[in-house]
>>> print(open('work_8.cif').read())   # mmCIF, C-alpha atoms
data_upload
loop_
_atom_site.label_atom_id
_atom_site.label_comp_id
_atom_site.auth_asym_id
_atom_site.auth_seq_id
_atom_site.Cartn_x
_atom_site.Cartn_y
_atom_site.Cartn_z
CA MET Z 849 143.81 89.73 12.91
CA THR Z 850 140.99 87.78 14.58
CA ALA Z 851 141.06 85.15 11.81
CA GLY Z 852 144.81 84.64 12.00
CA VAL Z 853 144.99 84.52 15.80
CA PHE Z 854 141.63 83.21 17.02
CA GLY Z 855 140.38 81.32 13.96
CA ARG Z 856 137.30 83.52 13.75
CA ASP Z 857 135.91 85.30 10.67
CA ASP Z 858 132.42 86.76 11.01
CA GLY Z 859 132.07 87.66 7.31
CA ASP Z 860 129.46 86.09 5.03
CA TYR Z 861 130.93 85.70 1.55
CA PHE Z 862 129.99 84.89 -2.01
CA GLU Z 863 131.75 85.69 -5.29
CA ALA Z 864 130.33 88.30 -7.67
CA GLY Z 865 131.57 89.65 -10.99
CA GLY Z 866 129.89 92.23 -13.16
CA ALA Z 867 129.40 95.98 -13.50
CA ALA Z 868 127.77 98.64 -11.30
CA LEU Z 869 127.03 102.36 -11.35
CA THR Z 870 126.81 104.09 -7.94
CA TRP Z 871 125.65 107.59 -7.02
CA THR Z 872 126.58 108.77 -3.51
CA PRO Z 873 128.00 111.90 -1.80
CA PRO Z 874 131.77 112.55 -1.94
CA SER Z 875 133.77 110.35 0.43
CA ALA Z 876 134.58 113.38 2.63
CA HIS Z 877 130.86 113.84 3.38
CA ARG Z 878 128.47 111.70 5.37
CA ALA Z 879 126.87 109.00 3.17
CA ARG Z 880 123.29 110.23 3.63
CA TYR Z 881 122.11 108.63 0.38
CA ARG Z 882 123.25 105.97 -2.08
CA VAL Z 883 121.84 104.62 -5.34
CA ARG Z 884 123.39 101.66 -7.12
CA VAL Z 885 122.44 99.88 -10.35
CA PHE Z 886 124.24 96.63 -11.11
CA ALA Z 887 124.39 93.44 -13.15
CA GLU Z 888 126.46 90.54 -11.90
CA ARG Z 889 127.05 86.83 -11.80
CA GLN Z 890 127.03 85.42 -8.27
CA GLU Z 891 128.80 82.20 -7.26
CA PRO Z 892 129.28 80.32 -3.97
CA VAL Z 893 132.72 80.13 -2.38
CA ALA Z 894 134.37 77.59 -0.13
CA SER Z 895 136.61 78.06 2.88
CA ALA Z 896 140.20 77.46 1.78
CA THR Z 897 142.06 77.46 5.12
CA ASP Z 898 141.89 76.40 8.76
CA VAL Z 899 145.12 78.18 9.67
CA SER Z 900 145.18 80.15 12.94
CA LEU Z 901 147.26 80.20 16.10
CA PHE Z 902 144.41 78.82 18.19
CA HIS Z 903 143.82 75.99 15.71
CA TRP Z 904 147.55 75.21 15.63
CA TRP Z 905 147.52 75.01 19.44
CA GLY Z 906 144.43 72.77 19.34
CA TRP Z 907 142.13 75.29 21.01
CA ASP Z 908 139.47 75.40 18.27
CA ASP Z 909 138.26 73.45 15.24
CA GLY Z 910 139.25 76.01 12.61
CA LEU Z 911 137.30 78.69 10.77
CA ARG Z 912 133.60 78.11 10.18
CA ALA Z 913 132.38 76.86 6.82
CA ALA Z 914 131.54 79.37 4.11
CA THR Z 915 128.00 80.73 4.02
CA LEU Z 916 125.56 78.90 1.73
CA ALA Z 917 125.09 80.71 -1.59
CA ALA Z 918 123.49 79.92 -4.97
CA ARG Z 919 124.69 80.52 -8.52
CA ALA Z 920 122.70 83.34 -10.07
CA ALA Z 921 122.80 85.87 -12.90
CA GLN Z 922 121.14 89.01 -11.54
CA ALA Z 923 120.39 92.65 -12.37
CA GLY Z 924 119.33 94.93 -9.55
CA LEU Z 925 118.77 98.31 -8.01
CA GLU Z 926 119.66 99.50 -4.50
CA ALA Z 927 118.56 102.80 -2.97
CA MET Z 928 119.28 104.09 0.53
CA ILE Z 929 118.69 107.32 2.44
CA SER Z 930 120.02 107.93 5.96
CA PRO Z 931 119.48 111.48 7.26
CA TRP Z 932 120.89 112.45 10.65
CA TRP Z 933 119.99 115.37 12.89
CA GLY Z 934 122.24 116.72 15.64
CA GLY Z 935 125.98 117.26 15.75
CA ASP Z 936 126.37 118.64 19.28
CA PRO Z 937 127.40 115.83 21.69
CA THR Z 938 125.72 117.68 24.58
CA ARG Z 939 122.28 117.54 22.89
CA PRO Z 940 120.06 114.65 21.74
CA ALA Z 941 120.59 113.42 18.19
CA GLY Z 942 118.88 110.92 15.95
CA GLY Z 943 118.23 109.66 12.48
CA PHE Z 944 116.84 106.86 10.38
CA GLU Z 945 117.83 104.68 7.45
CA LEU Z 946 115.57 103.37 4.71
CA ALA Z 947 117.04 100.89 2.22
CA LEU Z 948 115.33 99.31 -0.80
CA HIS Z 949 116.80 96.44 -2.81
CA GLY Z 950 115.37 94.60 -5.81
CA GLU Z 951 116.77 92.02 -8.24
CA ARG Z 952 115.62 90.25 -11.40
CA GLY Z 953 117.19 87.26 -13.09
CA ASP Z 954 117.45 83.67 -11.92
CA PHE Z 955 115.85 84.92 -8.68
CA ASP Z 956 113.20 87.66 -8.58
CA PHE Z 957 112.72 89.40 -5.25
CA ALA Z 958 112.56 92.72 -3.42
CA ARG Z 959 113.40 93.63 0.14
CA VAL Z 960 113.18 96.66 2.41
CA ARG Z 961 115.04 97.56 5.60
CA VAL Z 962 114.26 100.32 8.09
CA GLY Z 963 116.48 101.44 10.95
CA LEU Z 964 116.02 104.05 13.70
CA ARG Z 965 118.65 105.44 16.07
CA ALA Z 966 118.68 108.00 18.88
CA VAL Z 967 121.51 109.22 21.12
CA VAL Z 968 120.61 110.87 24.44
CA PRO Z 969 123.27 112.64 26.57
CA LEU Z 970 123.20 111.87 30.30
CA PRO Z 971 124.91 113.32 33.39
CA ALA Z 972 128.61 112.61 34.05
CA SER Z 973 129.35 112.73 30.29
CA ALA Z 974 127.49 109.47 29.76
CA ARG Z 975 125.16 108.79 26.84
CA LEU Z 976 122.41 106.34 25.94
CA ASP Z 977 122.35 104.95 22.42
CA LEU Z 978 119.11 103.29 21.27
CA SER Z 979 118.52 101.64 17.90
CA ALA Z 980 115.92 99.41 16.26
CA GLY Z 981 115.63 97.81 12.85
CA ALA Z 982 113.36 95.66 10.73
CA GLY Z 983 113.58 94.08 7.30
CA ARG Z 984 111.34 92.09 4.99
CA THR Z 985 111.88 90.14 1.77
CA ASP Z 986 109.20 89.37 -0.82
CA GLY Z 987 109.80 86.88 -3.58
CA ALA Z 988 112.30 84.06 -4.10
CA ALA Z 989 115.59 85.39 -2.74
CA PRO Z 990 118.74 83.21 -2.94
CA PRO Z 991 120.50 82.22 0.31
CA GLN Z 992 123.07 85.03 -0.03
CA ARG Z 993 120.27 87.62 0.11
CA ARG Z 994 118.61 86.40 3.30
CA TRP Z 995 118.85 88.39 6.51
CA ILE Z 996 121.73 86.82 8.45
CA LEU Z 997 122.08 87.86 12.11
CA GLY Z 998 124.87 87.25 14.58
CA GLY Z 999 128.27 88.69 15.41
CA PRO Z 1000 129.36 92.18 16.53
CA THR Z 1001 127.48 94.14 13.86
CA SER Z 1002 124.01 92.72 14.53
CA LEU Z 1003 123.80 90.43 17.56
CA ARG Z 1004 126.75 90.40 19.94
CA GLY Z 1005 127.30 87.28 21.99
CA PHE Z 1006 126.40 84.90 19.16
CA ALA Z 1007 128.16 83.55 16.09
CA PRO Z 1008 127.07 84.73 12.62
CA GLY Z 1009 124.12 82.83 11.20
CA ILE Z 1010 122.46 82.21 14.57
CA ALA Z 1011 119.23 83.65 13.11
CA VAL Z 1012 118.42 83.60 9.38
CA GLY Z 1013 115.23 84.32 7.49
CA PRO Z 1014 113.28 86.49 5.03
CA THR Z 1015 112.15 88.83 7.83
CA PHE Z 1016 113.95 90.21 10.85
CA LEU Z 1017 113.45 92.50 13.84
CA SER Z 1018 116.25 93.82 16.04
CA GLY Z 1019 116.91 96.22 18.89
CA ARG Z 1020 119.97 97.49 20.73
CA ALA Z 1021 120.58 99.64 23.82
CA GLU Z 1022 124.00 100.85 24.90
CA LEU Z 1023 125.03 102.94 27.87
CA THR Z 1024 128.47 104.55 27.55
CA ARG Z 1025 130.48 106.43 30.16
CA PRO Z 1026 134.05 107.79 29.79
CA LEU Z 1027 136.66 106.52 32.25
CA ARG Z 1028 138.04 110.00 32.92
CA GLU Z 1029 138.86 109.25 36.56
CA LEU Z 1030 141.88 107.28 35.31
CA PRO Z 1031 144.36 109.61 33.55
CA TRP Z 1032 146.00 106.81 31.58
CA VAL Z 1033 142.72 105.73 29.94
CA ARG Z 1034 141.29 109.08 28.84
CA ALA Z 1035 140.43 107.71 25.39
CA VAL Z 1036 138.54 104.70 26.80
CA ASP Z 1037 134.79 104.44 27.50
CA LEU Z 1038 133.03 101.76 29.52
CA THR Z 1039 129.92 100.37 27.81
CA LEU Z 1040 126.99 98.32 29.05
CA PHE Z 1041 124.66 97.08 26.35
CA ALA Z 1042 121.97 94.62 25.35
CA ASP Z 1043 121.04 93.21 21.93
CA GLY Z 1044 117.89 91.39 20.85
CA SER Z 1045 116.87 90.00 17.45
CA TRP Z 1046 114.48 87.70 15.68
CA ALA Z 1047 114.57 86.29 12.14
CA GLY Z 1048 112.15 83.94 10.42
CA GLU Z 1049 109.10 83.69 8.21
CA THR Z 1050 106.95 86.77 7.70
CA GLY Z 1051 103.92 86.85 9.99
CA ARG Z 1052 105.36 84.33 12.49
CA VAL Z 1053 107.01 86.65 14.98
CA ARG Z 1054 107.14 84.99 18.41
CA TRP Z 1055 108.98 86.08 21.53
CA THR Z 1056 109.87 82.46 22.21
CA ASP Z 1057 111.97 82.45 19.03
CA ALA Z 1058 113.83 85.70 19.81
CA ILE Z 1059 117.51 85.76 20.78
CA ALA Z 1060 119.01 88.24 23.24
CA SER Z 1061 122.31 89.00 24.91
CA ALA Z 1062 123.77 91.31 27.55
CA GLU Z 1063 127.30 92.60 27.50
CA VAL Z 1064 130.02 94.79 28.92
CA GLY Z 1065 132.77 96.31 26.85
CA LEU Z 1066 135.43 98.94 26.27
CA SER Z 1067 135.25 101.53 23.52
CA ILE Z 1068 138.60 103.07 22.53
CA LEU Z 1069 138.90 106.36 20.61
CA ASP Z 1070 135.12 106.82 20.45
CA GLY Z 1071 134.45 103.35 19.12
CA VAL Z 1072 137.29 103.03 16.61
CA LEU Z 1073 138.42 99.91 18.52
CA ARG Z 1074 135.95 97.80 20.51
CA LEU Z 1075 136.39 94.99 23.02
CA ASP Z 1076 133.07 93.36 23.96
CA ALA Z 1077 132.36 90.46 26.30
CA ALA Z 1078 128.82 89.18 25.71
CA TRP Z 1079 126.57 86.58 27.32
CA GLY Z 1080 123.60 85.06 25.52
CA TRP Z 1081 120.80 84.97 28.09
CA LYS Z 1082 117.96 84.05 25.70
CA GLY Z 1083 118.36 81.48 22.99
CA PRO Z 1084 121.43 79.27 22.58
CA ALA Z 1085 123.63 79.57 25.64
CA GLY Z 1086 127.16 80.79 25.30
CA ARG Z 1087 129.71 83.52 25.88
CA ARG Z 1088 131.73 85.41 23.32
CA LEU Z 1089 134.62 87.88 23.39
CA ASP Z 1090 135.02 90.14 20.34
CA LEU Z 1091 137.83 92.54 19.47
CA TYR Z 1092 137.03 94.56 16.35
CA PHE Z 1093 137.20 97.91 14.63
CA GLY Z 1094 133.83 99.60 15.03
CA GLY Z 1095 134.58 102.97 13.39
CA PRO Z 1096 133.85 106.42 14.84
CA ARG Z 1097 130.27 107.04 15.94
#
>>> encode(input="work_8.cif", output="structure tokens")
Amino acid sequence: MTAGVFGRDDGDYFEAGGAALTWTPPSAHRARYRVRVFAERQEPVASATDVSLFHWWGWDDGLRAATLAARAAQAGLEAMISPWWGGDPTRPAGGFELALHGERGDFDFARVRVGLRAVVPLPASARLDLSAGAGRTDGAAPPQRRWILGGPTSLRGFAPGIAVGPTFLSGRAELTRPLRELPWVRAVDLTLFADGSWAGETGRVRWTDAIASAEVGLSILDGVLRLDAAWGWKGPAGRRLDLYFGGPR
């Protein structure tokens, strides 16, 4: 919908063909672990269209170019665990995610990612959602396996690819309060949030290179549909409005 109307696609794509074996809980259960073994041939792709209503009206320059990728024949292993504690919305809850990824072939590398999240209930049915993450890559990873930050899933207020590197740090804080005073918007929450991230070479973390944004948004049906207006206050200047499906939280 956003690509066809606004000329915006935040996905990072490359082509892959091969075989994989995955072990994970049944789809009806929470995906608290996942193990995947694979062998595949990876290829770059090119953007094949500039078609959108905004581009037709002359309001933008078309969809962004495809993400840089390299040709590679790879075999790899992915493993992830993500336990979560707390199912009562009136009590604090939290969890973590640990993901390991390694590949051999034309490129030999390994990377690890760690994420932490806590949800704290507040008065007036509000809640505070805090999360932090970090990732590191060792070895010669191809461009499609770098950490790529930007867009609604990682750094709101900025376009995808605003920060790229073998190492990253990120943090997010979000304050949510239901709009129950208005009967016709009972399924809508007001959100205030801030995102901050850094990506670059390992061992060269500097606050001056970090990127941060502050935002206000609406969460519909507990985050199934999100509308976020973000302002980049540190790093490249700019404003960004995103409408996307965020999934239940």
>>> residues_around(input="work_8.cif", residues="Thr1015 of chain Z", least_positions_apart="6", cutoff="12 Å", atoms="all atoms listed in the file", output="PDB file with C-alpha atoms, keeping the file's coordinate frame")
ATOM      1  CA  ALA Z 958     112.560  92.720  -3.420  1.00  0.00           C
ATOM      2  CA  ARG Z 959     113.400  93.630   0.140  1.00  0.00           C
ATOM      3  CA  VAL Z 960     113.180  96.660   2.410  1.00  0.00           C
ATOM      4  CA  ARG Z 961     115.040  97.560   5.600  1.00  0.00           C
ATOM      5  CA  VAL Z 962     114.260 100.320   8.090  1.00  0.00           C
ATOM      6  CA  GLY Z 981     115.630  97.810  12.850  1.00  0.00           C
ATOM      7  CA  ALA Z 982     113.360  95.660  10.730  1.00  0.00           C
ATOM      8  CA  GLY Z 983     113.580  94.080   7.300  1.00  0.00           C
ATOM      9  CA  ARG Z 984     111.340  92.090   4.990  1.00  0.00           C
ATOM     10  CA  THR Z 985     111.880  90.140   1.770  1.00  0.00           C
ATOM     11  CA  ASP Z 986     109.200  89.370  -0.820  1.00  0.00           C
ATOM     12  CA  GLY Z 987     109.800  86.880  -3.580  1.00  0.00           C
ATOM     13  CA  ALA Z 989     115.590  85.390  -2.740  1.00  0.00           C
ATOM     14  CA  ARG Z 993     120.270  87.620   0.110  1.00  0.00           C
ATOM     15  CA  ARG Z 994     118.610  86.400   3.300  1.00  0.00           C
ATOM     16  CA  TRP Z 995     118.850  88.390   6.510  1.00  0.00           C
ATOM     17  CA  ILE Z 996     121.730  86.820   8.450  1.00  0.00           C
ATOM     18  CA  LEU Z 997     122.080  87.860  12.110  1.00  0.00           C
ATOM     19  CA  SER Z1045     116.870  90.000  17.450  1.00  0.00           C
ATOM     20  CA  TRP Z1046     114.480  87.700  15.680  1.00  0.00           C
ATOM     21  CA  ALA Z1047     114.570  86.290  12.140  1.00  0.00           C
ATOM     22  CA  GLY Z1048     112.150  83.940  10.420  1.00  0.00           C
ATOM     23  CA  GLU Z1049     109.100  83.690   8.210  1.00  0.00           C
ATOM     24  CA  THR Z1050     106.950  86.770   7.700  1.00  0.00           C
ATOM     25  CA  GLY Z1051     103.920  86.850   9.990  1.00  0.00           C
ATOM     26  CA  ARG Z1052     105.360  84.330  12.490  1.00  0.00           C
ATOM     27  CA  VAL Z1053     107.010  86.650  14.980  1.00  0.00           C
TER      28      VAL Z1053
END
>>> resolve_selection(input="work_8.cif", expression="the PyMOL selection byres ((chain Z and resi 913) around 6)", output="mmCIF file with C-alpha atoms, keeping the file's coordinate frame")
data_model
loop_
_atom_site.group_PDB
_atom_site.id
_atom_site.type_symbol
_atom_site.label_atom_id
_atom_site.label_comp_id
_atom_site.auth_asym_id
_atom_site.auth_seq_id
_atom_site.Cartn_x
_atom_site.Cartn_y
_atom_site.Cartn_z
ATOM 1 C CA SER Z 895 136.610 78.060 2.880
ATOM 2 C CA ARG Z 912 133.600 78.110 10.180
ATOM 3 C CA ALA Z 914 131.540 79.370 4.110
#
>>> resolve_selection(input="work_8.cif", expression="the PyMOL selection byres ((chain Z and resi 1056-1064) around 9)", output="VMD selection string")
chain Z and resid 1003 to 1006 1010 to 1011 1038 to 1048 1053 to 1055 1065 to 1066 1075 to 1084
>>> closest_residue(input="work_8.cif", among="Z:Ala917, Z:His877, Z:Leu1017, Z:Ser1002", to="Tyr861 of chain Z", atoms="all atoms listed in the file")
Z:Ala917
>>> residues_around(input="work_8.cif", residues="Gln992 of chain Z", least_positions_apart="2", cutoff="12 Å", atoms="only C-alpha atoms", output="ChimeraX atom specification")
/Z:859-864,890-893,914-920,955,988-990,994-996,1009,1012-1014
>>> write_last_selection(input="work_8.cif", atoms="C-alpha atoms", output="mmCIF file, keeping the file's coordinate frame")
data_model
loop_
_atom_site.group_PDB
_atom_site.id
_atom_site.type_symbol
_atom_site.label_atom_id
_atom_site.label_comp_id
_atom_site.auth_asym_id
_atom_site.auth_seq_id
_atom_site.Cartn_x
_atom_site.Cartn_y
_atom_site.Cartn_z
ATOM 1 C CA GLY Z 859 132.070 87.660 7.310
ATOM 2 C CA ASP Z 860 129.460 86.090 5.030
ATOM 3 C CA TYR Z 861 130.930 85.700 1.550
ATOM 4 C CA PHE Z 862 129.990 84.890 -2.010
ATOM 5 C CA GLU Z 863 131.750 85.690 -5.290
ATOM 6 C CA ALA Z 864 130.330 88.300 -7.670
ATOM 7 C CA GLN Z 890 127.030 85.420 -8.270
ATOM 8 C CA GLU Z 891 128.800 82.200 -7.260
ATOM 9 C CA PRO Z 892 129.280 80.320 -3.970
ATOM 10 C CA VAL Z 893 132.720 80.130 -2.380
ATOM 11 C CA ALA Z 914 131.540 79.370 4.110
ATOM 12 C CA THR Z 915 128.000 80.730 4.020
ATOM 13 C CA LEU Z 916 125.560 78.900 1.730
ATOM 14 C CA ALA Z 917 125.090 80.710 -1.590
ATOM 15 C CA ALA Z 918 123.490 79.920 -4.970
ATOM 16 C CA ARG Z 919 124.690 80.520 -8.520
ATOM 17 C CA ALA Z 920 122.700 83.340 -10.070
ATOM 18 C CA PHE Z 955 115.850 84.920 -8.680
ATOM 19 C CA ALA Z 988 112.300 84.060 -4.100
ATOM 20 C CA ALA Z 989 115.590 85.390 -2.740
ATOM 21 C CA PRO Z 990 118.740 83.210 -2.940
ATOM 22 C CA ARG Z 994 118.610 86.400 3.300
ATOM 23 C CA TRP Z 995 118.850 88.390 6.510
ATOM 24 C CA ILE Z 996 121.730 86.820 8.450
ATOM 25 C CA GLY Z 1009 124.120 82.830 11.200
ATOM 26 C CA VAL Z 1012 118.420 83.600 9.380
ATOM 27 C CA GLY Z 1013 115.230 84.320 7.490
ATOM 28 C CA PRO Z 1014 113.280 86.490 5.030
#
>>> residues_around(input="work_8.cif", residues="Gly855 of chain Z", least_positions_apart="2", cutoff="9 Å", atoms="only C-alpha atoms", output="JSON, numbers by chain")
{"Z": [850, 851, 852, 853, 857, 898, 899, 900, 901, 902, 903, 908, 909, 910, 911, 912]}
>>> resolve_selection(input="work_8.cif", expression="the PyMOL selection byres ((chain Z and resi 1074) around 7)", output="number ranges by chain")
Z: 1066-1068, 1071-1073, 1075-1076, 1091-1094
>>> residues_around(input="work_8.cif", residues="segment 965-969 of chain Z", least_positions_apart="4", cutoff="7 Å", atoms="all atoms listed in the file", output="PyMOL selection string")
chain Z and resi 938-944+974-980
>>> write_last_selection(input="work_8.cif", atoms="C-alpha atoms", output="PDB file, keeping the file's coordinate frame")
ATOM      1  CA  THR Z 938     125.720 117.680  24.580  1.00  0.00           C
ATOM      2  CA  ARG Z 939     122.280 117.540  22.890  1.00  0.00           C
ATOM      3  CA  PRO Z 940     120.060 114.650  21.740  1.00  0.00           C
ATOM      4  CA  ALA Z 941     120.590 113.420  18.190  1.00  0.00           C
ATOM      5  CA  GLY Z 942     118.880 110.920  15.950  1.00  0.00           C
ATOM      6  CA  GLY Z 943     118.230 109.660  12.480  1.00  0.00           C
ATOM      7  CA  PHE Z 944     116.840 106.860  10.380  1.00  0.00           C
ATOM      8  CA  ALA Z 974     127.490 109.470  29.760  1.00  0.00           C
ATOM      9  CA  ARG Z 975     125.160 108.790  26.840  1.00  0.00           C
ATOM     10  CA  LEU Z 976     122.410 106.340  25.940  1.00  0.00           C
ATOM     11  CA  ASP Z 977     122.350 104.950  22.420  1.00  0.00           C
ATOM     12  CA  LEU Z 978     119.110 103.290  21.270  1.00  0.00           C
ATOM     13  CA  SER Z 979     118.520 101.640  17.900  1.00  0.00           C
ATOM     14  CA  ALA Z 980     115.920  99.410  16.260  1.00  0.00           C
TER      15      ALA Z 980
END
>>> residues_around(input="work_8.cif", residues="Ala887 of chain Z", least_positions_apart="3", cutoff="7 Å", atoms="all atoms listed in the file", output="ChimeraX atom specification")
/Z:866-868,922-924
>>> closest_residue(input="work_8.cif", among="Z:Leu970, Z:Leu869, Z:Leu948, Z:Leu964", to="Pro931 of chain Z", atoms="all atoms listed in the file")
Z:Leu964
>>> atom_distance(input="work_8.cif", atom1="atom CA of Ala879 of chain Z", atom2="atom CA of Glu926 of chain Z")
14.2 Å
>>> atom_distance(input="work_8.cif", atom1="atom CA of Asp858 of chain Z", atom2="atom CA of Thr1001 of chain Z")
9.3 Å
>>> atom_distance(input="work_8.cif", atom1="atom CA of Trp907 of chain Z", atom2="atom CA of Ala1085 of chain Z")
19.5 Å
>>> decode(input="work_8.cif", residues="segment 876-896 of chain Z", atoms="C-alpha atoms", output="PDB file, in the first residue's frame")
ATOM      1  CA  ALA Z 876       0.005 -21.297  17.227  1.00  0.00           C
ATOM      2  CA  HIS Z 877       2.666 -20.865  19.943  1.00  0.00           C
ATOM      3  CA  ARG Z 878       5.036 -18.003  20.633  1.00  0.00           C
ATOM      4  CA  ALA Z 879       8.281 -18.385  18.631  1.00  0.00           C
ATOM      5  CA  ARG Z 880      10.566 -18.615  21.673  1.00  0.00           C
ATOM      6  CA  TYR Z 881      13.277 -20.474  19.754  1.00  0.00           C
ATOM      7  CA  ARG Z 882      14.298 -21.118  16.155  1.00  0.00           C
ATOM      8  CA  VAL Z 883      17.089 -23.120  14.532  1.00  0.00           C
ATOM      9  CA  ARG Z 884      17.698 -23.041  10.791  1.00  0.00           C
ATOM     10  CA  VAL Z 885      20.298 -24.796   8.625  1.00  0.00           C
ATOM     11  CA  PHE Z 886      20.516 -23.702   4.996  1.00  0.00           C
ATOM     12  CA  ALA Z 887      22.483 -23.707   1.759  1.00  0.00           C
ATOM     13  CA  GLU Z 888      21.703 -21.112  -0.876  1.00  0.00           C
ATOM     14  CA  ARG Z 889      22.880 -19.034  -3.779  1.00  0.00           C
ATOM     15  CA  GLN Z 890      22.460 -15.302  -3.194  1.00  0.00           C
ATOM     16  CA  GLU Z 891      22.151 -12.740  -5.995  1.00  0.00           C
ATOM     17  CA  PRO Z 892      21.614  -8.963  -6.129  1.00  0.00           C
ATOM     18  CA  VAL Z 893      18.342  -7.567  -7.458  1.00  0.00           C
ATOM     19  CA  ALA Z 894      17.439  -4.318  -9.160  1.00  0.00           C
ATOM     20  CA  SER Z 895      14.430  -2.070  -8.728  1.00  0.00           C
ATOM     21  CA  ALA Z 896      12.047  -2.713 -11.615  1.00  0.00           C
TER      22      ALA Z 896
END
